[in-house]
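Engineer: See upload.txt below, with compact mmCIF, C-alpha atoms.
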```txt
# COMPACT_ATOMS: atom_id res chain seq x y z
CA MET A 162 133.19 59.17 153.73
CA SER A 163 131.37 62.28 152.59
CA ALA A 164 130.58 61.63 148.93
CA PRO A 165 128.44 61.26 146.82
CA PHE A 166 127.28 64.58 148.32
CA TYR A 167 123.65 64.14 147.21
CA LYS A 168 123.41 60.70 148.84
CA TYR A 169 124.76 62.18 152.10
CA GLY A 170 122.03 64.82 152.02
CA LEU A 171 124.33 67.81 151.45
CA PHE A 172 121.66 69.27 149.17
CA GLY A 173 118.05 68.54 148.21
CA ASP A 174 116.12 67.81 145.04
CA GLU A 175 115.75 71.41 143.88
CA ILE A 176 119.46 72.19 144.19
CA SER A 177 120.19 68.89 142.45
CA LEU A 178 118.43 70.18 139.31
CA VAL A 179 120.69 73.26 139.29
CA ILE A 180 123.70 70.99 139.68
CA ALA A 181 122.41 68.76 136.86
CA PHE A 182 122.24 71.83 134.61
CA LEU A 183 125.82 72.86 135.52
CA ILE A 184 127.17 69.33 134.97
CA GLY A 185 125.34 69.28 131.62
CA ILE A 186 127.10 72.51 130.61
CA GLY A 187 130.46 70.84 131.27
CA PHE A 188 129.37 67.73 129.36
CA GLY A 189 128.18 69.71 126.32
CA PHE A 190 131.24 71.97 126.40
CA PHE A 191 133.77 69.13 126.16
CA LEU A 192 131.68 67.21 123.60
CA GLU A 193 131.79 70.28 121.36
CA ARG A 194 135.52 70.85 122.04
CA ALA A 195 136.21 67.28 120.89
CA GLY A 196 134.45 67.97 117.58
CA PHE A 197 131.41 65.86 118.44
CA GLY A 198 128.94 68.47 117.21
CA ASN A 199 130.01 67.46 113.72
CA ALA A 200 128.56 64.24 112.21
CA ARG A 201 131.42 63.93 109.71
CA LYS A 202 133.93 63.82 112.57
CA LEU A 203 131.85 61.21 114.43
CA ALA A 204 131.15 59.01 111.39
CA ALA A 205 134.86 59.09 110.43
CA GLN A 206 135.36 56.64 113.31
CA PHE A 207 133.59 53.95 111.24
CA TYR A 208 135.95 54.41 108.26
CA PHE A 209 139.09 54.39 110.47
CA TYR A 210 140.67 57.59 109.10
CA ASP A 211 139.84 59.62 112.23
CA MET A 212 139.57 57.64 115.48
CA THR A 213 138.69 60.63 117.71
CA VAL A 214 135.47 59.01 118.99
CA PHE A 215 137.34 56.00 120.36
CA LYS A 216 140.19 58.12 121.78
CA VAL A 217 137.92 60.63 123.55
CA MET A 218 135.51 58.01 124.85
CA PHE A 219 138.16 55.73 126.33
CA THR A 220 140.23 58.63 127.72
CA ALA A 221 137.06 59.82 129.49
CA ILE A 222 136.20 56.33 130.77
CA VAL A 223 139.75 55.74 132.07
CA THR A 224 139.92 59.20 133.70
CA ALA A 225 136.61 58.83 135.55
CA MET A 226 137.21 55.17 136.40
CA ILE A 227 140.66 55.75 137.94
CA GLY A 228 139.54 58.94 139.68
CA LEU A 229 136.53 57.25 141.26
CA TYR A 230 138.57 54.22 142.30
CA TYR A 231 141.23 56.26 144.08
CA LEU A 232 138.66 58.52 145.75
CA SER A 233 137.00 55.39 147.11
CA VAL A 234 140.31 53.82 148.22
CA LEU A 235 141.13 57.08 150.03
CA GLY A 236 137.75 56.82 151.78
CA PHE A 237 136.29 59.97 150.26
CA VAL A 238 133.59 58.34 148.10
CA ASP A 239 131.36 55.41 149.05
CA LEU A 240 131.42 53.47 145.78
CA SER A 241 128.35 51.43 146.80
CA LEU A 242 126.26 54.64 146.75
CA VAL A 243 127.09 55.46 143.12
CA TYR A 244 124.20 54.25 140.97
CA VAL A 245 125.04 51.38 138.62
CA SER A 246 122.25 50.79 136.11
CA PRO A 247 121.03 47.16 136.35
CA THR A 248 122.06 44.78 133.58
CA PHE A 249 119.51 43.07 131.32
CA LEU A 250 122.02 41.38 129.05
CA LEU A 251 120.00 40.25 126.01
CA PRO A 252 117.96 43.45 125.39
CA GLN A 253 121.11 45.52 125.99
CA VAL A 254 123.08 43.50 123.43
CA VAL A 255 120.28 43.84 120.84
CA GLY A 256 119.69 47.50 121.78
CA GLY A 257 123.42 48.21 121.40
CA LEU A 258 123.49 46.65 117.93
CA ILE A 259 120.41 48.65 116.85
CA LEU A 260 121.87 51.85 118.30
CA GLY A 261 125.13 51.21 116.44
CA VAL A 262 123.20 50.95 113.15
CA GLY A 263 121.48 54.27 113.96
CA PHE A 264 124.89 55.84 114.74
CA ALA A 265 126.33 54.94 111.30
CA VAL A 266 123.13 55.92 109.45
CA GLY A 267 122.47 59.19 111.30
CA GLY A 268 125.96 60.22 112.36
CA TYR A 269 125.14 61.17 115.96
CA CYS A 270 124.13 59.76 119.31
CA PRO A 271 121.61 61.56 121.55
CA GLY A 272 124.12 63.72 123.49
CA THR A 273 126.17 64.70 120.45
CA SER A 274 123.06 65.55 118.41
CA ALA A 275 122.07 68.01 121.15
CA VAL A 276 125.46 69.73 120.81
CA SER A 277 125.17 69.64 117.03
CA ALA A 278 121.71 71.24 117.09
CA ALA A 279 122.89 73.86 119.60
CA THR A 280 125.69 74.94 117.23
CA GLY A 281 123.32 75.32 114.26
CA ARG A 282 123.60 71.98 112.46
CA LEU A 283 120.29 71.20 110.72
CA ASP A 284 121.13 67.50 110.46
CA GLY A 285 121.54 67.42 114.24
CA MET A 286 118.12 69.03 114.72
CA VAL A 287 116.49 66.52 112.35
CA PHE A 288 118.30 63.66 114.11
CA LEU A 289 116.80 64.86 117.42
CA LEU A 290 113.32 64.74 115.87
CA GLY A 291 114.11 61.20 114.75
CA ILE A 292 115.08 60.21 118.31
CA VAL A 293 111.82 61.59 119.70
CA ALA A 294 109.84 59.72 117.00
CA GLY A 295 111.79 56.52 117.71
CA ILE A 296 111.14 56.75 121.45
CA PHE A 297 107.44 57.36 120.78
CA PHE A 298 107.37 54.29 118.52
CA PHE A 299 109.14 52.26 121.22
CA GLY A 300 106.63 53.47 123.82
CA GLU A 301 103.67 52.49 121.64
CA VAL A 302 104.96 48.95 120.96
CA PHE A 303 106.28 48.54 124.52
CA PRO A 304 103.37 46.35 125.76
CA ALA A 305 104.16 43.84 122.99
CA ILE A 306 107.91 43.65 123.73
CA GLU A 307 107.90 44.09 127.51
CA SER A 308 108.84 40.45 128.18
CA PHE A 309 111.95 40.83 125.97
CA TYR A 310 112.76 44.20 127.60
CA THR A 311 112.93 42.52 131.02
CA ALA A 312 114.66 39.31 129.83
CA THR A 313 117.98 38.07 131.31
CA PRO A 314 118.02 40.32 134.41
CA MET A 315 121.38 40.29 136.24
CA GLY A 316 120.93 43.17 138.70
CA SER A 317 123.45 46.01 139.22
CA VAL A 318 126.48 43.88 138.44
CA THR A 319 130.04 44.96 137.62
CA LEU A 320 132.76 43.09 135.73
CA PRO A 321 134.82 42.45 138.92
CA GLN A 322 131.73 40.92 140.57
CA LEU A 323 130.88 38.83 137.50
CA PHE A 324 134.37 37.35 137.22
CA GLY A 325 135.04 37.30 140.98
CA VAL A 326 138.31 39.23 140.67
CA PRO A 327 139.56 42.38 142.44
CA TYR A 328 138.27 45.77 141.17
CA GLY A 329 141.86 46.96 140.70
CA LEU A 330 142.67 44.09 138.33
CA ILE A 331 139.80 44.89 135.93
CA LEU A 332 140.77 48.56 136.16
CA PHE A 333 144.34 47.68 135.19
CA LEU A 334 143.13 45.55 132.25
CA VAL A 335 140.84 48.35 131.00
CA VAL A 336 143.78 50.80 131.11
CA LEU A 337 145.97 48.31 129.19
CA MET A 338 143.19 47.77 126.64
CA ALA A 339 142.74 51.52 126.20
CA LEU A 340 146.49 52.11 125.71
CA GLY A 341 146.66 49.26 123.18
CA GLY A 342 143.60 50.71 121.47
CA PHE A 343 145.20 54.17 121.26
CA LEU A 344 148.27 52.67 119.54
CA LEU A 345 146.09 50.72 117.08
CA ALA A 346 143.99 53.86 116.46
CA GLY A 347 147.08 55.85 115.49
CA TRP A 348 148.14 53.07 113.12
CA ALA A 349 144.65 52.83 111.56
CA GLU A 350 144.48 56.61 110.98
CA LYS A 351 147.66 56.44 108.87
CA LYS A 352 146.58 53.28 107.03
CA PHE A 353 143.13 54.67 106.09
CA ALA A 354 144.11 58.32 105.60
CA HIS A 355 143.21 58.07 101.89
CA LEU A 356 139.51 57.69 102.77
CA ARG A 357 139.34 61.22 104.20
CA PRO A 358 137.08 63.28 101.89
CA GLU A 359 138.43 66.54 100.49
CA MET B 217 131.27 93.64 95.58
CA SER B 218 133.88 92.12 97.77
CA THR B 219 137.17 93.99 97.98
CA PRO B 220 140.37 92.17 98.99
CA SER B 221 140.43 93.84 102.41
CA SER B 222 136.82 92.93 103.24
CA ALA B 223 137.50 89.37 102.10
CA ILE B 224 140.35 89.20 104.61
CA THR B 225 138.12 90.60 107.37
CA ASP B 226 135.38 88.10 106.48
CA HIS B 227 137.90 85.33 106.65
CA ALA B 228 139.14 86.44 110.07
CA LEU B 229 135.60 86.79 111.43
CA HIS B 230 134.59 83.34 110.27
CA LYS B 231 137.77 81.58 111.22
CA GLU B 232 136.95 78.44 113.16
CA ARG B 233 139.41 77.34 115.82
CA PRO B 234 140.59 73.71 115.55
CA TYR B 235 139.05 71.09 117.82
CA TRP B 236 140.94 70.10 120.96
CA HIS B 237 143.33 67.19 120.96
CA PRO B 238 141.25 64.02 121.61
CA TYR B 239 143.11 63.16 124.82
CA ALA B 240 142.65 66.68 126.23
CA ALA B 241 138.92 66.68 125.44
CA GLY B 242 138.66 63.12 126.81
CA ILE B 243 140.24 64.10 130.14
CA GLY B 244 137.85 67.08 130.38
CA LEU B 245 134.89 64.81 129.69
CA GLY B 246 136.16 62.24 132.20
CA LEU B 247 136.51 64.89 134.91
CA VAL B 248 132.91 66.07 134.31
CA LEU B 249 131.78 62.45 134.67
CA LEU B 250 133.86 62.06 137.85
CA PHE B 251 132.35 65.28 139.30
CA SER B 252 128.90 63.88 138.55
CA PHE B 253 129.69 60.63 140.41
CA VAL B 254 131.10 62.51 143.42
CA ILE B 255 128.45 65.23 143.63
CA ALA B 256 125.27 63.51 142.48
CA GLY B 257 126.11 59.82 142.92
CA ARG B 258 125.20 59.12 139.31
CA GLY B 259 126.78 59.52 135.90
CA LEU B 260 125.81 61.32 132.71
CA GLY B 261 122.96 60.56 130.32
CA ALA B 262 121.02 61.93 127.39
CA SER B 263 118.30 59.69 125.93
CA GLY B 264 116.35 59.53 129.21
CA ALA B 265 115.60 63.26 128.96
CA PHE B 266 113.92 62.73 125.58
CA SER B 267 111.91 59.84 127.05
CA SER B 268 110.62 62.20 129.77
CA LEU B 269 109.64 64.65 127.05
CA VAL B 270 107.81 62.00 125.01
CA ALA B 271 106.04 60.60 128.11
CA THR B 272 104.94 64.12 129.12
CA VAL B 273 103.51 64.90 125.69
CA VAL B 274 101.72 61.54 125.38
CA HIS B 275 100.28 62.03 128.85
CA ALA B 276 99.06 65.53 127.96
CA VAL B 277 97.34 64.29 124.78
CA ALA B 278 96.04 60.93 126.03
CA PRO B 279 96.34 60.64 129.83
CA GLU B 280 94.72 57.21 130.19
CA HIS B 281 96.72 55.74 127.34
CA ALA B 282 99.97 56.93 128.96
CA GLN B 283 99.04 55.69 132.43
CA ASN B 284 98.22 52.20 131.11
CA ASN B 285 101.67 51.89 129.53
CA ALA B 286 104.51 50.74 131.81
CA PHE B 287 107.17 52.47 129.68
CA TYR B 288 105.59 55.93 129.92
CA GLY B 289 104.63 55.20 133.54
CA GLU B 290 108.30 54.80 134.47
CA TYR B 291 108.92 58.42 133.45
CA LEU B 292 105.61 59.84 134.69
CA GLY B 293 106.06 58.55 138.26
CA ASP B 294 103.18 58.98 140.71
CA GLY B 295 102.08 62.22 139.03
CA SER B 296 102.93 64.37 142.08
CA LYS B 297 105.28 66.50 139.97
CA SER B 298 105.99 67.07 136.29
CA SER B 299 108.22 64.42 134.76
CA LEU B 300 110.17 67.30 133.23
CA LEU B 301 111.41 68.29 136.72
CA ASP B 302 113.98 65.59 136.35
CA TRP B 303 117.76 65.36 136.80
CA LEU B 304 118.43 64.18 133.23
CA VAL B 305 116.12 66.79 131.66
CA PHE B 306 118.06 69.59 133.38
CA GLU B 307 121.39 67.96 132.55
CA VAL B 308 120.47 67.79 128.85
CA ILE B 309 119.33 71.45 128.84
CA GLY B 310 122.84 72.09 130.16
CA VAL B 311 124.33 70.04 127.30
CA PHE B 312 122.61 72.35 124.78
CA ALA B 313 123.93 75.40 126.68
CA GLY B 314 127.46 74.02 127.06
CA GLY B 315 127.66 73.00 123.40
CA PHE B 316 126.46 76.44 122.34
CA LEU B 317 128.97 78.14 124.65
CA SER B 318 131.91 76.11 123.37
CA GLY B 319 130.84 76.56 119.74
CA ALA B 320 130.45 80.32 120.22
CA LEU B 321 133.87 80.72 121.87
CA ALA B 322 135.55 78.76 119.07
CA GLY B 323 133.73 80.51 116.19
CA ARG B 324 131.92 77.31 115.24
CA LEU B 325 128.28 78.48 115.33
CA ARG B 326 126.94 78.03 111.83
CA ILE B 327 123.63 77.07 110.21
CA THR B 328 124.77 74.19 108.04
CA VAL B 329 124.34 70.50 107.26
CA GLU B 330 127.24 68.14 108.05
CA LYS B 331 127.65 65.58 105.27
CA GLY B 332 130.15 64.00 102.89
CA PRO B 333 130.67 65.41 99.36
CA HIS B 334 128.63 62.73 97.53
CA ILE B 335 125.15 63.11 99.04
CA SER B 336 122.45 65.77 98.61
CA THR B 337 121.23 67.82 101.55
CA GLY B 338 117.80 66.19 101.31
CA GLY B 339 119.35 62.73 101.30
CA ARG B 340 121.47 63.59 104.33
CA LEU B 341 118.51 64.97 106.29
CA THR B 342 116.41 61.88 105.45
CA LEU B 343 119.17 59.60 106.75
CA ALA B 344 119.61 61.82 109.83
CA PHE B 345 115.93 61.34 110.70
CA LEU B 346 116.06 57.61 109.99
CA GLY B 347 119.26 57.21 112.05
CA GLY B 348 117.73 59.16 114.93
CA PHE B 349 114.62 56.98 114.82
CA ILE B 350 116.67 53.75 114.90
CA MET B 351 118.79 55.19 117.70
CA GLY B 352 115.72 56.13 119.75
CA VAL B 353 114.48 52.53 119.57
CA GLY B 354 117.92 51.06 120.32
CA ALA B 355 118.60 53.39 123.24
CA LYS B 356 115.30 52.53 124.92
CA LEU B 357 115.77 48.78 124.44
CA ALA B 358 119.30 49.09 125.92
CA ARG B 359 118.07 51.32 128.80
CA GLY B 360 120.45 54.10 127.81
CA CYS B 361 122.67 55.48 125.08
CA THR B 362 126.37 56.11 124.55
CA SER B 363 126.29 58.53 127.53
CA GLY B 364 124.36 56.55 130.12
CA GLN B 365 125.45 53.02 129.21
CA GLY B 366 128.68 53.63 127.30
CA LEU B 367 130.52 56.39 129.19
CA THR B 368 128.89 56.03 132.59
CA GLY B 369 128.44 52.24 132.57
CA GLY B 370 131.93 51.89 131.11
CA ALA B 371 133.58 53.92 133.89
CA LEU B 372 131.60 52.03 136.56
CA LEU B 373 132.62 48.69 134.98
CA SER B 374 128.94 47.75 134.53
CA VAL B 375 128.47 44.40 132.76
CA GLY B 376 125.53 45.69 130.72
CA GLY B 377 127.41 48.92 129.89
CA TRP B 378 130.41 47.06 128.46
CA ALA B 379 128.28 44.53 126.53
CA PHE B 380 126.27 47.46 125.15
CA MET B 381 129.35 49.45 124.12
CA LEU B 382 130.95 46.54 122.23
CA CYS B 383 127.64 45.98 120.41
CA VAL B 384 127.36 49.66 119.45
CA PHE B 385 130.73 49.53 117.71
CA ALA B 386 129.84 46.16 116.12
CA GLY B 387 126.51 47.47 114.80
CA ALA B 388 128.05 50.68 113.48
CA TYR B 389 131.00 49.00 111.73
CA ALA B 390 128.66 46.41 110.18
CA THR B 391 126.49 49.23 108.75
CA ALA B 392 129.24 51.66 107.71
CA TYR B 393 129.88 50.08 104.30
CA PHE B 394 126.23 50.50 103.23
CA VAL B 395 126.05 54.20 104.07
CA ARG B 396 129.58 55.15 102.92
CA ARG B 397 128.24 57.43 100.16
CA GLN B 398 126.88 59.67 102.89
CA TRP B 399 130.24 60.23 104.55
CA ILE B 400 133.27 59.56 102.32
```
So, in terms of structure tokens, how does the structure I just supplied come out?
Structural biologist:
Amino acid sequence: MSAPFYKYGLFGDEISLVIAFLIGIGFGFFLERAGFGNARKLAAQFYFYDMTVFKVMFTAIVTAMIGLYYLSVLGFVDLSLVYVSPTFLLPQVVGGLILGVGFAVGGYCPGTSAVSAATGRLDGMVFLLGIVAGIFFFGEVFPAIESFYTATPMGSVTLPQLFGVPYGLILFLVVLMALGGFLLAGWAEKKFAHLRPE
Amino acid sequence: MSTPSSAITDHALHKERPYWHPYAAGIGLGLVLLFSFVIAGRGLGASGAFSSLVATVVHAVAPEHAQNNAFYGEYLGDGSKSSLLDWLVFEVIGVFAGGFLSGALAGRLRITVEKGPHISTGGRLTLAFLGGFIMGVGAKLARGCTSGQGLTGGALLSVGGWAFMLCVFAGAYATAYFVRRQWI
């Protein structure tokens, strides 16, 4: 075992900020390459005529998931040292629904609006202002909703732990689901091609 | 006056390269996420950086108010260092730089507003602000956005991440019909 490098003390906090910046460059680069700096491309997902969001997102998830799994099986990465954000099921379900509404209304999510603003899109810049205002609003009402925010805590739990099945089985099912999804996406793009604006 | 030859030159200068194939871009994105797991022991994120920014500003304007609020407090820490000296803040600065770099190399840098043909620019910008506001609230309630919960939580098979991601798609598809004039 020698990874995650940071957790094994290969570098300190200051270097980690430089690494964060470099990783961010890679993240922003591929988001832009996918067309995610463009709200029309992102919103097209919700009218089925261009399913790029689904395809890119699940290709990325499957790539990282399989890569991490095999690096841990080979003994290179200690999977238990990779941070899994704790689950608070109810607020995350409600938060996800609210965020989905914001996605359809505004056309971006936080990461993609950063790329959009960086490439000159005024709607992306305004969306970023909206995010900051929304977070400020959330912060101001936080004392009133704190009990809901911390409701249904489940700890850092993964699907294999929840269902008590091997990690590899869930991984296999996610890959199957993604492949099925890619086929359906291709079918939907043909079926809804007439919705594409001129 | 635009002559035919200058029109051709203009066209060549402003020619935007096509986006990458979704699966190619997805593999690139997945490898960046994998690098982040292996090097830093954590995945990608975005909304947390904006929370650090908001907490810092609120603290600068009204220090006591910020310290008495558990949400801001989470980002302010013990006050020994600026909450802007944070992993996610630097990662998101990188996202701006990486997006700019990719856009510049592909000829896609342009001051413009992305919208469908049936909505005014003012209408689009109003909805962009409103959507951003709703997203800011949702992302904080969910403890992360499409990057931190969706991509990262998805690849780590997090229960909350997967529940979140399904709900994002459900919320967006349920809303799409009502805002269709903006996009199609």
Engineer: Using all atoms listed in the file, find the one residue out of A:Ser274, A:Phe299, A:Leu229, A:Val179 that sits nearest to Gly256 in chain A.
Structural biologist: A:Phe299
Engineer: Which residues come within 6 Å of Ser317 in chain A, counting only C-alpha atoms, excluding same-chain residues fewer than 2 positions away, as a PyMOL selection string?
Structural biologist: chain A and resi 245-248
Engineer: Which neighbours of Leu323 in chain A fall inside 12 Å, counting only C-alpha atoms, when residues of the same chain fewer than 5 positions from it are skipped, and could you give them as a list in words?
Structural biologist: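 Near Leu323 in chain A, the qualifying residues are Thr248, Met315, Gly316, Ser317, Val318, Tyr328 and Ile331 of chain A; Leu373, Ser374, Val375 and Gly376 of chain B.
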Engineer: Give me, please, the distance in Å between CA of Thr362 in chain B and CA of Pro271 in chain A, quoted to one decimal.
Structural biologist: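 These two atoms are separated by 7.8 Å.
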Engineer: Take CA of Gly261 in chain A and CA of Pro358 in chain A and report the distance between them in Å, one decimal.
Structural biologist: 22.4 Å
Engineer: For Ser233 in chain A, list every protein, DNA or RNA residue within 10 Å, evaluated using only C-alpha atoms, and leave out those in the same chain fewer than 5 positions away; present the list as a list in words.
Structural biologist: Met162, Ala164, Ile227, Gly228, Val238, Asp239, Leu240 and Ser241 of chain A; Val254 of chain B
Engineer: Which one of A:Gly341, A:Gly257, A:Gly173, A:Pro327 sits closest to chain B if you count all atoms listed in the file?
Structural biologist: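 Smallest distance to chain B is found for A:Gly257.
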Engineer: Find the residues around Ala371 in chain B up to 7 Å (all atoms listed in the file counted), leave out those fewer than 2 positions away in its own chain, and share them as a list in words.
Structural biologist: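 Here the qualifying residues turn out to be Ile222, Val223, Ala225 and Met226 of chain A; Leu367, Thr368, Gly369 and Leu373 of chain B.
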Engineer: Excluding Lys351 in chain A and any residue of its chain fewer than 3 positions from it, enumerate the residues within 12 Å of it, using all atoms listed in the file, and give them as a VMD selection string.
Structural biologist: chain A and resid 208 to 212 344 to 348 354 to 357
Engineer: Distance CA of Ser299 in chain B-CA of Gly377 in chain B, one decimal place?
Structural biologist: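 The value is 25.1 Å.
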Engineer: Which one of B:Lys356, B:Arg258, B:Tyr389, B:Ile400 sits closest to Glu307 in chain B if you count only C-alpha atoms?
Structural biologist: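 Among the listed residues, the smallest separation from Glu307 in chain B belongs to B:Arg258.
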Engineer: Every residue with an atom at most 6 Å from (114.9, 44.6, 122.8) (file coordinates; only C-alpha atoms) is what I'm after, so could you write them as a list in words?
Structural biologist: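 The residues near that point, listed by chain and number, are Pro252, Val255, Gly256, Phe309 and Tyr310 of chain A; Leu357 of chain B.
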Engineer: When distances are computed from all atoms listed in the file, which of A:Ile176, A:Leu251, A:Ala275, A:Leu235 shows the smallest separation from chain B?
Structural biologist: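 Comparing A:Ile176, A:Leu251, A:Ala275, A:Leu235 against chain B, the winner is A:Ala275.
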Engineer: So which one's closest to chain A, B:Gly332, B:Gly293, B:Gly364, B:Gly314? Using only C-alpha atoms, please.
Structural biologist: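 So, comparing all the options, the nearest one is B:Gly314.
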Engineer: Ranking B:Glu280, B:Ala265, B:Leu346, B:Thr272 by minimum distance to chain A and counting all atoms listed in the file, which one comes first?
Structural biologist: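 Selected residue with least distance to chain A: B:Leu346.
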